[in-house]
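Here is upload.tsv, consisting of TSV, N, CA and C atoms:
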chain	number	residue	atom	x	y	z
A	736	ILE	N	114.83	101.18	109.29
A	736	ILE	CA	113.99	101.78	108.28
A	736	ILE	C	114.45	101.25	106.93
A	737	THR	N	113.51	100.97	106.04
A	737	THR	CA	113.82	100.50	104.70
A	737	THR	C	113.15	101.43	103.71
A	738	GLY	N	113.89	101.85	102.70
A	738	GLY	CA	113.31	102.74	101.71
A	738	GLY	C	114.05	102.66	100.39
A	739	THR	N	113.41	103.16	99.37
A	739	THR	CA	113.98	103.19	98.03
A	739	THR	C	114.62	104.54	97.77
A	740	PRO	N	115.85	104.57	97.28
A	740	PRO	CA	116.51	105.85	96.98
A	740	PRO	C	115.72	106.65	95.94
A	741	ASP	N	115.85	107.98	96.00
A	741	ASP	CA	115.15	108.86	95.07
A	741	ASP	C	115.39	108.49	93.61
A	742	GLY	N	116.61	108.14	93.28
A	742	GLY	CA	116.95	107.80	91.90
A	742	GLY	C	116.46	106.44	91.47
A	743	GLY	N	115.81	105.70	92.38
A	743	GLY	CA	115.33	104.37	92.07
A	743	GLY	C	116.33	103.32	92.51
A	744	GLY	N	116.08	102.11	92.13
A	744	GLY	CA	116.96	101.02	92.51
A	744	GLY	C	116.37	100.20	93.62
A	745	ALA	N	117.17	99.29	94.12
A	745	ALA	CA	116.72	98.39	95.18
A	745	ALA	C	116.54	99.14	96.50
A	746	ALA	N	115.60	98.67	97.29
A	746	ALA	CA	115.38	99.25	98.62
A	746	ALA	C	116.61	99.02	99.48
A	747	VAL	N	116.84	99.96	100.41
A	747	VAL	CA	117.99	99.91	101.30
A	747	VAL	C	117.47	99.83	102.73
A	748	THR	N	118.02	98.92	103.53
A	748	THR	CA	117.65	98.81	104.94
A	748	THR	C	118.74	99.48	105.77
A	749	LEU	N	118.31	100.36	106.67
A	749	LEU	CA	119.23	101.12	107.51
A	749	LEU	C	118.95	100.84	108.97
A	750	ALA	N	120.00	100.86	109.78
A	750	ALA	CA	119.86	100.72	111.23
A	750	ALA	C	120.85	101.67	111.88
A	751	GLY	N	120.42	102.31	112.97
A	751	GLY	CA	121.33	103.24	113.61
A	751	GLY	C	120.82	103.75	114.93
A	752	PRO	N	121.63	104.53	115.60
A	752	PRO	CA	121.28	105.05	116.92
A	752	PRO	C	120.29	106.21	116.84
A	753	ALA	N	119.63	106.47	117.96
A	753	ALA	CA	118.64	107.54	118.01
A	753	ALA	C	119.25	108.90	117.70
A	754	ASP	N	120.52	109.11	118.05
A	754	ASP	CA	121.11	110.43	117.80
A	754	ASP	C	121.40	110.69	116.32
A	755	ALA	N	121.19	109.71	115.47
A	755	ALA	CA	121.32	109.93	114.03
A	755	ALA	C	120.07	110.62	113.46
A	756	TYR	N	118.99	110.61	114.20
A	756	TYR	CA	117.73	111.22	113.77
A	756	TYR	C	117.76	112.71	114.11
A	757	LEU	N	117.68	113.54	113.08
A	757	LEU	CA	117.79	114.99	113.25
A	757	LEU	C	116.44	115.66	113.04
A	758	LYS	N	116.24	116.80	113.70
A	758	LYS	CA	115.02	117.58	113.50
A	758	LYS	C	114.97	118.10	112.07
A	759	SER	N	113.79	118.41	111.61
A	759	SER	CA	113.56	118.83	110.23
A	759	SER	C	114.22	120.17	109.92
A	760	ALA	N	114.39	120.41	108.62
A	760	ALA	CA	114.98	121.67	108.15
A	760	ALA	C	114.27	122.10	106.87
A	761	GLY	N	114.01	123.40	106.77
A	761	GLY	CA	113.52	123.98	105.53
A	761	GLY	C	112.03	123.92	105.28
A	762	PHE	N	111.23	123.49	106.25
A	762	PHE	CA	109.79	123.39	106.03
A	762	PHE	C	109.05	124.68	106.37
A	763	GLY	N	109.73	125.64	106.99
A	763	GLY	CA	109.09	126.90	107.34
A	763	GLY	C	108.13	126.75	108.50
A	764	ASP	N	107.13	127.64	108.52
A	764	ASP	CA	106.19	127.69	109.65
A	764	ASP	C	105.06	126.66	109.58
A	765	ALA	N	104.89	126.00	108.44
A	765	ALA	CA	103.78	125.06	108.30
A	765	ALA	C	104.24	123.72	107.73
A	766	PRO	N	105.08	122.98	108.47
A	766	PRO	CA	105.49	121.67	107.97
A	766	PRO	C	104.32	120.69	108.00
A	767	PRO	N	104.37	119.64	107.19
A	767	PRO	CA	103.32	118.62	107.25
A	767	PRO	C	103.21	118.05	108.67
A	768	GLU	N	102.05	117.55	109.02
A	768	GLU	CA	101.81	117.05	110.38
A	768	GLU	C	102.83	116.00	110.80
A	769	ALA	N	103.15	115.07	109.91
A	769	ALA	CA	104.11	114.01	110.27
A	769	ALA	C	105.48	114.61	110.60
A	770	VAL	N	105.87	115.66	109.91
A	770	VAL	CA	107.16	116.32	110.17
A	770	VAL	C	107.10	117.05	111.51
A	771	GLN	N	105.97	117.68	111.80
A	771	GLN	CA	105.79	118.34	113.11
A	771	GLN	C	105.91	117.32	114.24
A	772	ARG	N	105.29	116.17	114.06
A	772	ARG	CA	105.34	115.12	115.08
A	772	ARG	C	106.75	114.57	115.23
A	773	TRP	N	107.48	114.44	114.10
A	773	TRP	CA	108.88	113.99	114.13
A	773	TRP	C	109.70	114.90	115.05
A	774	ASP	N	109.60	116.21	114.80
A	774	ASP	CA	110.34	117.18	115.62
A	774	ASP	C	109.91	117.12	117.08
A	775	ALA	N	108.61	116.99	117.32
A	775	ALA	CA	108.09	116.94	118.69
A	775	ALA	C	108.60	115.69	119.42
A	776	GLU	N	108.64	114.56	118.74
A	776	GLU	CA	109.14	113.33	119.36
A	776	GLU	C	110.60	113.48	119.76
A	777	ILE	N	111.41	114.08	118.89
A	777	ILE	CA	112.81	114.31	119.22
A	777	ILE	C	112.92	115.24	120.43
A	778	ASP	N	112.14	116.31	120.42
A	778	ASP	CA	112.15	117.23	121.57
A	778	ASP	C	111.73	116.53	122.86
A	779	ASN	N	110.72	115.67	122.76
A	779	ASN	CA	110.19	115.00	123.95
A	779	ASN	C	111.21	114.12	124.66
A	780	VAL	N	112.13	113.52	123.91
A	780	VAL	CA	113.09	112.60	124.54
A	780	VAL	C	114.47	113.21	124.73
A	781	SER	N	114.71	114.37	124.15
A	781	SER	CA	116.07	114.91	124.15
A	781	SER	C	116.63	115.20	125.53
A	782	ASN	N	115.81	115.59	126.47
A	782	ASN	CA	116.31	115.94	127.80
A	782	ASN	C	115.86	114.97	128.90
A	783	LEU	N	115.41	113.79	128.51
A	783	LEU	CA	114.98	112.83	129.53
A	783	LEU	C	116.18	112.32	130.31
A	784	ASP	N	116.02	112.27	131.62
A	784	ASP	CA	117.09	111.80	132.50
A	784	ASP	C	116.99	110.29	132.65
A	785	THR	N	118.07	109.59	132.32
A	785	THR	CA	118.09	108.14	132.45
A	785	THR	C	119.02	107.68	133.57
A	786	SER	N	119.43	108.61	134.40
A	786	SER	CA	120.29	108.23	135.52
A	786	SER	C	119.44	107.53	136.58
A	787	PRO	N	120.02	106.57	137.32
A	787	PRO	CA	119.28	105.85	138.36
A	787	PRO	C	118.70	106.76	139.45
A	788	ALA	N	119.22	107.97	139.57
A	788	ALA	CA	118.70	108.90	140.58
A	788	ALA	C	117.29	109.40	140.23
A	789	ASP	N	116.94	109.36	138.96
A	789	ASP	CA	115.61	109.81	138.53
A	789	ASP	C	114.62	108.67	138.72
A	790	PRO	N	113.51	108.88	139.44
A	790	PRO	CA	112.55	107.81	139.66
A	790	PRO	C	111.90	107.30	138.37
A	791	ASN	N	111.94	108.10	137.31
A	791	ASN	CA	111.37	107.69	136.03
A	791	ASN	C	112.43	107.22	135.04
A	792	TRP	N	113.61	106.85	135.52
A	792	TRP	CA	114.72	106.52	134.63
A	792	TRP	C	114.35	105.40	133.66
A	793	TYR	N	113.64	104.39	134.11
A	793	TYR	CA	113.32	103.25	133.24
A	793	TYR	C	112.40	103.69	132.10
A	794	GLY	N	111.34	104.41	132.42
A	794	GLY	CA	110.43	104.89	131.38
A	794	GLY	C	111.13	105.85	130.43
A	795	ASN	N	111.99	106.69	130.98
A	795	ASN	CA	112.74	107.63	130.13
A	795	ASN	C	113.67	106.88	129.19
A	796	ALA	N	114.36	105.88	129.71
A	796	ALA	CA	115.27	105.08	128.87
A	796	ALA	C	114.49	104.34	127.79
A	797	LYS	N	113.34	103.81	128.16
A	797	LYS	CA	112.50	103.10	127.19
A	797	LYS	C	112.05	104.04	126.07
A	798	ALA	N	111.66	105.27	126.43
A	798	ALA	CA	111.25	106.25	125.42
A	798	ALA	C	112.40	106.55	124.45
A	799	LYS	N	113.61	106.66	124.98
A	799	LYS	CA	114.77	106.93	124.12
A	799	LYS	C	115.07	105.75	123.21
A	800	VAL	N	114.98	104.54	123.75
A	800	VAL	CA	115.28	103.35	122.96
A	800	VAL	C	114.27	103.17	121.83
A	801	PHE	N	113.01	103.48	122.09
A	801	PHE	CA	111.98	103.29	121.08
A	801	PHE	C	111.81	104.48	120.14
A	802	LEU	N	112.57	105.55	120.34
A	802	LEU	CA	112.46	106.71	119.46
A	802	LEU	C	112.66	106.36	117.99
A	803	PRO	N	113.68	105.60	117.59
A	803	PRO	CA	113.82	105.29	116.17
A	803	PRO	C	112.60	104.58	115.59
A	804	ARG	N	112.00	103.68	116.35
A	804	ARG	CA	110.81	102.98	115.85
A	804	ARG	C	109.68	103.98	115.58
A	805	THR	N	109.48	104.89	116.52
A	805	THR	CA	108.43	105.90	116.37
A	805	THR	C	108.71	106.78	115.15
A	806	LEU	N	109.95	107.23	115.01
A	806	LEU	CA	110.30	108.12	113.89
A	806	LEU	C	110.24	107.38	112.56
A	807	ASN	N	110.63	106.12	112.53
A	807	ASN	CA	110.56	105.36	111.29
A	807	ASN	C	109.10	105.25	110.81
A	808	GLU	N	108.19	105.07	111.75
A	808	GLU	CA	106.76	105.00	111.39
A	808	GLU	C	106.29	106.36	110.84
A	809	LEU	N	106.71	107.44	111.47
A	809	LEU	CA	106.33	108.77	110.98
A	809	LEU	C	106.90	109.03	109.59
A	810	ALA	N	108.10	108.54	109.33
A	810	ALA	CA	108.75	108.78	108.04
A	810	ALA	C	107.95	108.21	106.87
A	811	THR	N	107.14	107.18	107.12
A	811	THR	CA	106.34	106.60	106.05
A	811	THR	C	105.24	107.56	105.59
A	812	LYS	N	105.00	108.62	106.36
A	812	LYS	CA	103.94	109.58	106.04
A	812	LYS	C	104.48	110.88	105.44
A	813	PHE	N	105.78	110.96	105.22
A	813	PHE	CA	106.39	112.18	104.68
A	813	PHE	C	106.12	112.32	103.19
A	814	PRO	N	106.14	113.57	102.71
A	814	PRO	CA	106.04	113.77	101.26
A	814	PRO	C	107.21	113.07	100.55
A	815	PRO	N	106.99	112.55	99.36
A	815	PRO	CA	108.08	111.89	98.63
A	815	PRO	C	109.30	112.80	98.47
A	816	GLY	N	110.46	112.21	98.60
A	816	GLY	CA	111.71	112.94	98.39
A	816	GLY	C	112.08	113.91	99.50
A	817	SER	N	111.46	113.81	100.67
A	817	SER	CA	111.72	114.79	101.71
A	817	SER	C	112.62	114.27	102.84
A	818	LEU	N	113.12	113.06	102.72
A	818	LEU	CA	113.95	112.50	103.77
A	818	LEU	C	115.38	112.36	103.25
A	819	VAL	N	116.30	113.09	103.86
A	819	VAL	CA	117.71	113.03	103.48
A	819	VAL	C	118.40	112.07	104.45
A	820	VAL	N	119.02	111.05	103.88
A	820	VAL	CA	119.63	110.00	104.69
A	820	VAL	C	121.10	109.84	104.30
A	821	ARG	N	121.96	109.82	105.31
A	821	ARG	CA	123.37	109.51	105.10
A	821	ARG	C	123.65	108.19	105.79
A	822	PHE	N	124.36	107.31	105.10
A	822	PHE	CA	124.64	106.00	105.68
A	822	PHE	C	125.95	105.45	105.13
A	823	THR	N	126.46	104.43	105.80
A	823	THR	CA	127.69	103.75	105.38
A	823	THR	C	127.45	102.25	105.47
A	824	PRO	N	128.24	101.46	104.77
A	824	PRO	CA	128.10	100.00	104.92
A	824	PRO	C	128.33	99.59	106.36
A	825	ASP	N	127.61	98.58	106.81
A	825	ASP	CA	127.76	98.05	108.16
A	825	ASP	C	128.55	96.75	108.08
A	826	ASP	N	129.77	96.78	108.56
A	826	ASP	CA	130.63	95.60	108.48
A	826	ASP	C	130.06	94.41	109.25
A	827	ALA	N	129.31	94.69	110.31
A	827	ALA	CA	128.75	93.61	111.13
A	827	ALA	C	127.55	92.94	110.47
A	828	ARG	N	126.87	93.67	109.58
A	828	ARG	CA	125.68	93.13	108.90
A	828	ARG	C	125.77	93.46	107.42
A	829	PRO	N	126.21	92.52	106.61
A	829	PRO	CA	126.36	92.81	105.18
A	829	PRO	C	125.03	93.08	104.46
A	830	ASP	N	123.90	92.75	105.08
A	830	ASP	CA	122.60	92.98	104.47
A	830	ASP	C	122.02	94.34	104.83
A	831	ALA	N	122.76	95.15	105.62
A	831	ALA	CA	122.23	96.44	106.08
A	831	ALA	C	123.32	97.50	106.00
A	832	PHE	N	122.89	98.74	106.16
A	832	PHE	CA	123.79	99.89	106.19
A	832	PHE	C	123.63	100.59	107.53
A	833	ARG	N	124.70	101.20	108.01
A	833	ARG	CA	124.67	101.92	109.29
A	833	ARG	C	124.22	103.35	109.03
A	834	LEU	N	123.20	103.75	109.74
A	834	LEU	CA	122.64	105.08	109.62
A	834	LEU	C	123.57	106.10	110.24
A	835	VAL	N	123.96	107.13	109.48
A	835	VAL	CA	124.78	108.20	109.98
A	835	VAL	C	123.89	109.38	110.39
A	836	SER	N	122.96	109.75	109.52
A	836	SER	CA	121.96	110.76	109.87
A	836	SER	C	120.74	110.59	108.97
A	837	ILE	N	119.62	111.03	109.52
A	837	ILE	CA	118.34	111.01	108.79
A	837	ILE	C	117.57	112.24	109.20
A	838	GLN	N	117.09	113.00	108.20
A	838	GLN	CA	116.47	114.29	108.48
A	838	GLN	C	115.41	114.64	107.42
A	839	PRO	N	114.21	114.99	107.86
A	839	PRO	CA	113.23	115.51	106.92
A	839	PRO	C	113.69	116.90	106.44
A	840	THR	N	113.75	117.07	105.15
A	840	THR	CA	114.24	118.32	104.56
A	840	THR	C	113.41	118.68	103.36
A	841	ARG	N	113.13	119.96	103.25
A	841	ARG	CA	112.38	120.43	102.09
A	841	ARG	C	113.34	121.09	101.15
Mind turning the file's structure into structure tokens?
Amino acid sequence: ITGTPDGGGAAVTLAGPADAYLKSAGFGDAPPEAVQRWDAEIDNVSNLDTSPADPNWYGNAKAKVFLPRTLNELATKFPPGSLVVRFTPDDARPDAFRLVSIQPTR
């Protein structure tokens, strides 16, 4: 995901694992549709079984792997200033930062 910090400045590119994506906080009972979908996508993949014993393991694993892509697309539809992101420099990629957490917050 690439975005501009609230205070302005150059855009920052972030990369990280699916578990860095957190469900929303503080939107109450009527969050914007994109935020509702964000939470639903996280819920949909959170308990998927990826063990070889599950006949759907491949599809489940694929859903988990593509979760960040889906959430990054949803994030483009959030109200301005509603995405709280924590990140650190990525030693392996000097042009990017490692995503620690990302969460829609009101």
- Find the residues near segment 825-834 of chain A: any atom within 6 Å, counting only C-alpha atoms, skip ones fewer than 5 places away on the same chain, and give them as a list in words.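 Near neighbours after the sequence-gap exclusion: Thr748, Leu749, Ala750 and Gly751 of chain A.
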Contact residues around segment 759-765 of chain A with all atoms listed in the file at 8 Å, ignoring same-chain residues under 4 positions, as a tab-separated table (two decimals) with N, CA and C atoms, in the frame of the given file:
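Written out: selection18.tsv:
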chain	number	residue	atom	x	y	z
A	770	VAL	N	105.87	115.66	109.91
A	770	VAL	CA	107.16	116.32	110.17
A	770	VAL	C	107.10	117.05	111.51
A	771	GLN	N	105.97	117.68	111.80
A	771	GLN	CA	105.79	118.34	113.11
A	771	GLN	C	105.91	117.32	114.24
A	773	TRP	N	107.48	114.44	114.10
A	773	TRP	CA	108.88	113.99	114.13
A	773	TRP	C	109.70	114.90	115.05
A	774	ASP	N	109.60	116.21	114.80
A	774	ASP	CA	110.34	117.18	115.62
A	774	ASP	C	109.91	117.12	117.08
A	775	ALA	N	108.61	116.99	117.32
A	775	ALA	CA	108.09	116.94	118.69
A	775	ALA	C	108.60	115.69	119.42
A	837	ILE	N	119.62	111.03	109.52
A	837	ILE	CA	118.34	111.01	108.79
A	837	ILE	C	117.57	112.24	109.20
A	838	GLN	N	117.09	113.00	108.20
A	838	GLN	CA	116.47	114.29	108.48
A	838	GLN	C	115.41	114.64	107.42
A	839	PRO	N	114.21	114.99	107.86
A	839	PRO	CA	113.23	115.51	106.92
A	839	PRO	C	113.69	116.90	106.44
A	840	THR	N	113.75	117.07	105.15
A	840	THR	CA	114.24	118.32	104.56
A	840	THR	C	113.41	118.68	103.36
A	841	ARG	N	113.13	119.96	103.25
A	841	ARG	CA	112.38	120.43	102.09
A	841	ARG	C	113.34	121.09	101.15
- Message: Nearest residue to Pro766 of chain A out of A:Ser786, A:Thr823, A:Phe813, A:Thr737, using only C-alpha atoms?
- Response: A:Phe813
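Here atom CA of Pro803 of chain A stands at a distance of 8.6 Å from atom CA of Ile736 of chain A.
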- Query: Which protein, DNA or RNA residues are at most 9 Å from (119.2, 107.7, 126.4) in the file's coordinates when you count only C-alpha atoms, listed as number ranges by chain?
  - Reply: A: 753, 780-785, 795-800
- Message: Taking only N, CA and C atoms into account, name the residue in A:Ala755, A:Pro767, A:Asn791, A:Leu802 that is nearest to Pro814 of chain A.
- Response: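 Of A:Ala755, A:Pro767, A:Asn791, A:Leu802, the one nearest Pro814 of chain A, counting only N, CA and C atoms, is A:Pro767.
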- What is the distance between atom CA of Leu806 of chain A and atom CA of Gly744 of chain A, in Å to one decimal?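 Computed distance, atom CA of Leu806 of chain A to atom CA of Gly744 of chain A, equals 23.5 Å.
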- Check chain A with DSSP on the backbone and list each residue it calls helix (DSSP H, G or I), as an MDAnalysis selection string. chainID A and resid 753:755 768:781 792:810
Selection to disk with N, CA and C atoms, as a CSV table (one decimal), in the coordinates of the input:
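Result went into selection_38.csv, see below:
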chain,number,residue,atom,x,y,z
A,753,ALA,N,119.6,106.5,118.0
A,753,ALA,CA,118.6,107.5,118.0
A,753,ALA,C,119.2,108.9,117.7
A,754,ASP,N,120.5,109.1,118.0
A,754,ASP,CA,121.1,110.4,117.8
A,754,ASP,C,121.4,110.7,116.3
A,755,ALA,N,121.2,109.7,115.5
A,755,ALA,CA,121.3,109.9,114.0
A,755,ALA,C,120.1,110.6,113.5
A,768,GLU,N,102.0,117.6,109.0
A,768,GLU,CA,101.8,117.0,110.4
A,768,GLU,C,102.8,116.0,110.8
A,769,ALA,N,103.2,115.1,109.9
A,769,ALA,CA,104.1,114.0,110.3
A,769,ALA,C,105.5,114.6,110.6
A,770,VAL,N,105.9,115.7,109.9
A,770,VAL,CA,107.2,116.3,110.2
A,770,VAL,C,107.1,117.0,111.5
A,771,GLN,N,106.0,117.7,111.8
A,771,GLN,CA,105.8,118.3,113.1
A,771,GLN,C,105.9,117.3,114.2
A,772,ARG,N,105.3,116.2,114.1
A,772,ARG,CA,105.3,115.1,115.1
A,772,ARG,C,106.8,114.6,115.2
A,773,TRP,N,107.5,114.4,114.1
A,773,TRP,CA,108.9,114.0,114.1
A,773,TRP,C,109.7,114.9,115.0
A,774,ASP,N,109.6,116.2,114.8
A,774,ASP,CA,110.3,117.2,115.6
A,774,ASP,C,109.9,117.1,117.1
A,775,ALA,N,108.6,117.0,117.3
A,775,ALA,CA,108.1,116.9,118.7
A,775,ALA,C,108.6,115.7,119.4
A,776,GLU,N,108.6,114.6,118.7
A,776,GLU,CA,109.1,113.3,119.4
A,776,GLU,C,110.6,113.5,119.8
A,777,ILE,N,111.4,114.1,118.9
A,777,ILE,CA,112.8,114.3,119.2
A,777,ILE,C,112.9,115.2,120.4
A,778,ASP,N,112.1,116.3,120.4
A,778,ASP,CA,112.2,117.2,121.6
A,778,ASP,C,111.7,116.5,122.9
A,779,ASN,N,110.7,115.7,122.8
A,779,ASN,CA,110.2,115.0,124.0
A,779,ASN,C,111.2,114.1,124.7
A,780,VAL,N,112.1,113.5,123.9
A,780,VAL,CA,113.1,112.6,124.5
A,780,VAL,C,114.5,113.2,124.7
A,781,SER,N,114.7,114.4,124.2
A,781,SER,CA,116.1,114.9,124.2
A,781,SER,C,116.6,115.2,125.5
A,792,TRP,N,113.6,106.8,135.5
A,792,TRP,CA,114.7,106.5,134.6
A,792,TRP,C,114.4,105.4,133.7
A,793,TYR,N,113.6,104.4,134.1
A,793,TYR,CA,113.3,103.2,133.2
A,793,TYR,C,112.4,103.7,132.1
A,794,GLY,N,111.3,104.4,132.4
A,794,GLY,CA,110.4,104.9,131.4
A,794,GLY,C,111.1,105.8,130.4
A,795,ASN,N,112.0,106.7,131.0
A,795,ASN,CA,112.7,107.6,130.1
A,795,ASN,C,113.7,106.9,129.2
A,796,ALA,N,114.4,105.9,129.7
A,796,ALA,CA,115.3,105.1,128.9
A,796,ALA,C,114.5,104.3,127.8
A,797,LYS,N,113.3,103.8,128.2
A,797,LYS,CA,112.5,103.1,127.2
A,797,LYS,C,112.0,104.0,126.1
A,798,ALA,N,111.7,105.3,126.4
A,798,ALA,CA,111.2,106.2,125.4
A,798,ALA,C,112.4,106.6,124.4
A,799,LYS,N,113.6,106.7,125.0
A,799,LYS,CA,114.8,106.9,124.1
A,799,LYS,C,115.1,105.8,123.2
A,800,VAL,N,115.0,104.5,123.8
A,800,VAL,CA,115.3,103.4,123.0
A,800,VAL,C,114.3,103.2,121.8
A,801,PHE,N,113.0,103.5,122.1
A,801,PHE,CA,112.0,103.3,121.1
A,801,PHE,C,111.8,104.5,120.1
A,802,LEU,N,112.6,105.6,120.3
A,802,LEU,CA,112.5,106.7,119.5
A,802,LEU,C,112.7,106.4,118.0
A,803,PRO,N,113.7,105.6,117.6
A,803,PRO,CA,113.8,105.3,116.2
A,803,PRO,C,112.6,104.6,115.6
A,804,ARG,N,112.0,103.7,116.4
A,804,ARG,CA,110.8,103.0,115.8
A,804,ARG,C,109.7,104.0,115.6
A,805,THR,N,109.5,104.9,116.5
A,805,THR,CA,108.4,105.9,116.4
A,805,THR,C,108.7,106.8,115.2
A,806,LEU,N,110.0,107.2,115.0
A,806,LEU,CA,110.3,108.1,113.9
A,806,LEU,C,110.2,107.4,112.6
A,807,ASN,N,110.6,106.1,112.5
A,807,ASN,CA,110.6,105.4,111.3
A,807,ASN,C,109.1,105.2,110.8
A,808,GLU,N,108.2,105.1,111.8
A,808,GLU,CA,106.8,105.0,111.4
A,808,GLU,C,106.3,106.4,110.8
A,809,LEU,N,106.7,107.4,111.5
A,809,LEU,CA,106.3,108.8,111.0
A,809,LEU,C,106.9,109.0,109.6
A,810,ALA,N,108.1,108.5,109.3
A,810,ALA,CA,108.8,108.8,108.0
A,810,ALA,C,108.0,108.2,106.9
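Shortest atom-to-atom contact with Glu808 of chain A among A:Val747, A:Lys758, A:Glu776, A:Thr739: A:Glu776, counting only C-alpha atoms.
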- Option closest in space to Pro752 of chain A, from A:Val835, A:Val819, A:Ala769, A:Ala788 [counting only N, CA and C atoms]: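 Residue with the minimum atom-to-atom distance to Pro752 of chain A: A:Val835.
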- Assign secondary structure with DSSP using the backbone only, and return the residues of chain A in strand (DSSP E) as a PyMOL selection string. chain A and resi 737-738+747-750+818-824+832-839
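One finds atom CA of Gly742 of chain A at 21.9 Å from atom CA of Leu809 of chain A.
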With N, CA, C and O atoms as the target, complete segment 758-771 of chain A and hand it back as a tab-separated table (two decimals), in the coordinates of the input.
chain	number	residue	atom	x	y	z
A	758	LYS	N	116.24	116.80	113.70
A	758	LYS	CA	115.02	117.58	113.50
A	758	LYS	C	114.97	118.10	112.07
A	758	LYS	O	115.99	118.22	111.40
A	759	SER	N	113.79	118.41	111.61
A	759	SER	CA	113.56	118.83	110.23
A	759	SER	C	114.22	120.17	109.92
A	759	SER	O	114.54	120.95	110.81
A	760	ALA	N	114.39	120.41	108.62
A	760	ALA	CA	114.98	121.67	108.15
A	760	ALA	C	114.27	122.10	106.87
A	760	ALA	O	113.96	121.28	106.01
A	761	GLY	N	114.01	123.40	106.77
A	761	GLY	CA	113.52	123.98	105.53
A	761	GLY	C	112.03	123.92	105.28
A	761	GLY	O	111.58	124.29	104.21
A	762	PHE	N	111.23	123.49	106.25
A	762	PHE	CA	109.79	123.39	106.03
A	762	PHE	C	109.05	124.68	106.37
A	762	PHE	O	107.87	124.80	106.13
A	763	GLY	N	109.73	125.64	106.99
A	763	GLY	CA	109.09	126.90	107.34
A	763	GLY	C	108.13	126.75	108.50
A	763	GLY	O	108.26	125.87	109.34
A	764	ASP	N	107.13	127.64	108.52
A	764	ASP	CA	106.19	127.69	109.65
A	764	ASP	C	105.06	126.66	109.58
A	764	ASP	O	104.34	126.50	110.55
A	765	ALA	N	104.89	126.00	108.44
A	765	ALA	CA	103.78	125.06	108.30
A	765	ALA	C	104.24	123.72	107.73
A	765	ALA	O	103.83	123.33	106.64
A	766	PRO	N	105.08	122.98	108.47
A	766	PRO	CA	105.49	121.67	107.97
A	766	PRO	C	104.32	120.69	108.00
A	766	PRO	O	103.36	120.89	108.76
A	767	PRO	N	104.37	119.64	107.19
A	767	PRO	CA	103.32	118.62	107.25
A	767	PRO	C	103.21	118.05	108.67
A	767	PRO	O	104.19	118.06	109.44
A	768	GLU	N	102.05	117.55	109.02
A	768	GLU	CA	101.81	117.05	110.38
A	768	GLU	C	102.83	116.00	110.80
A	768	GLU	O	103.33	116.02	111.93
A	769	ALA	N	103.15	115.07	109.91
A	769	ALA	CA	104.11	114.01	110.27
A	769	ALA	C	105.48	114.61	110.60
A	769	ALA	O	106.17	114.13	111.50
A	770	VAL	N	105.87	115.66	109.91
A	770	VAL	CA	107.16	116.32	110.17
A	770	VAL	C	107.10	117.05	111.51
A	770	VAL	O	108.06	117.01	112.29
A	771	GLN	N	105.97	117.68	111.80
A	771	GLN	CA	105.79	118.34	113.11
A	771	GLN	C	105.91	117.32	114.24
A	771	GLN	O	106.57	117.57	115.26
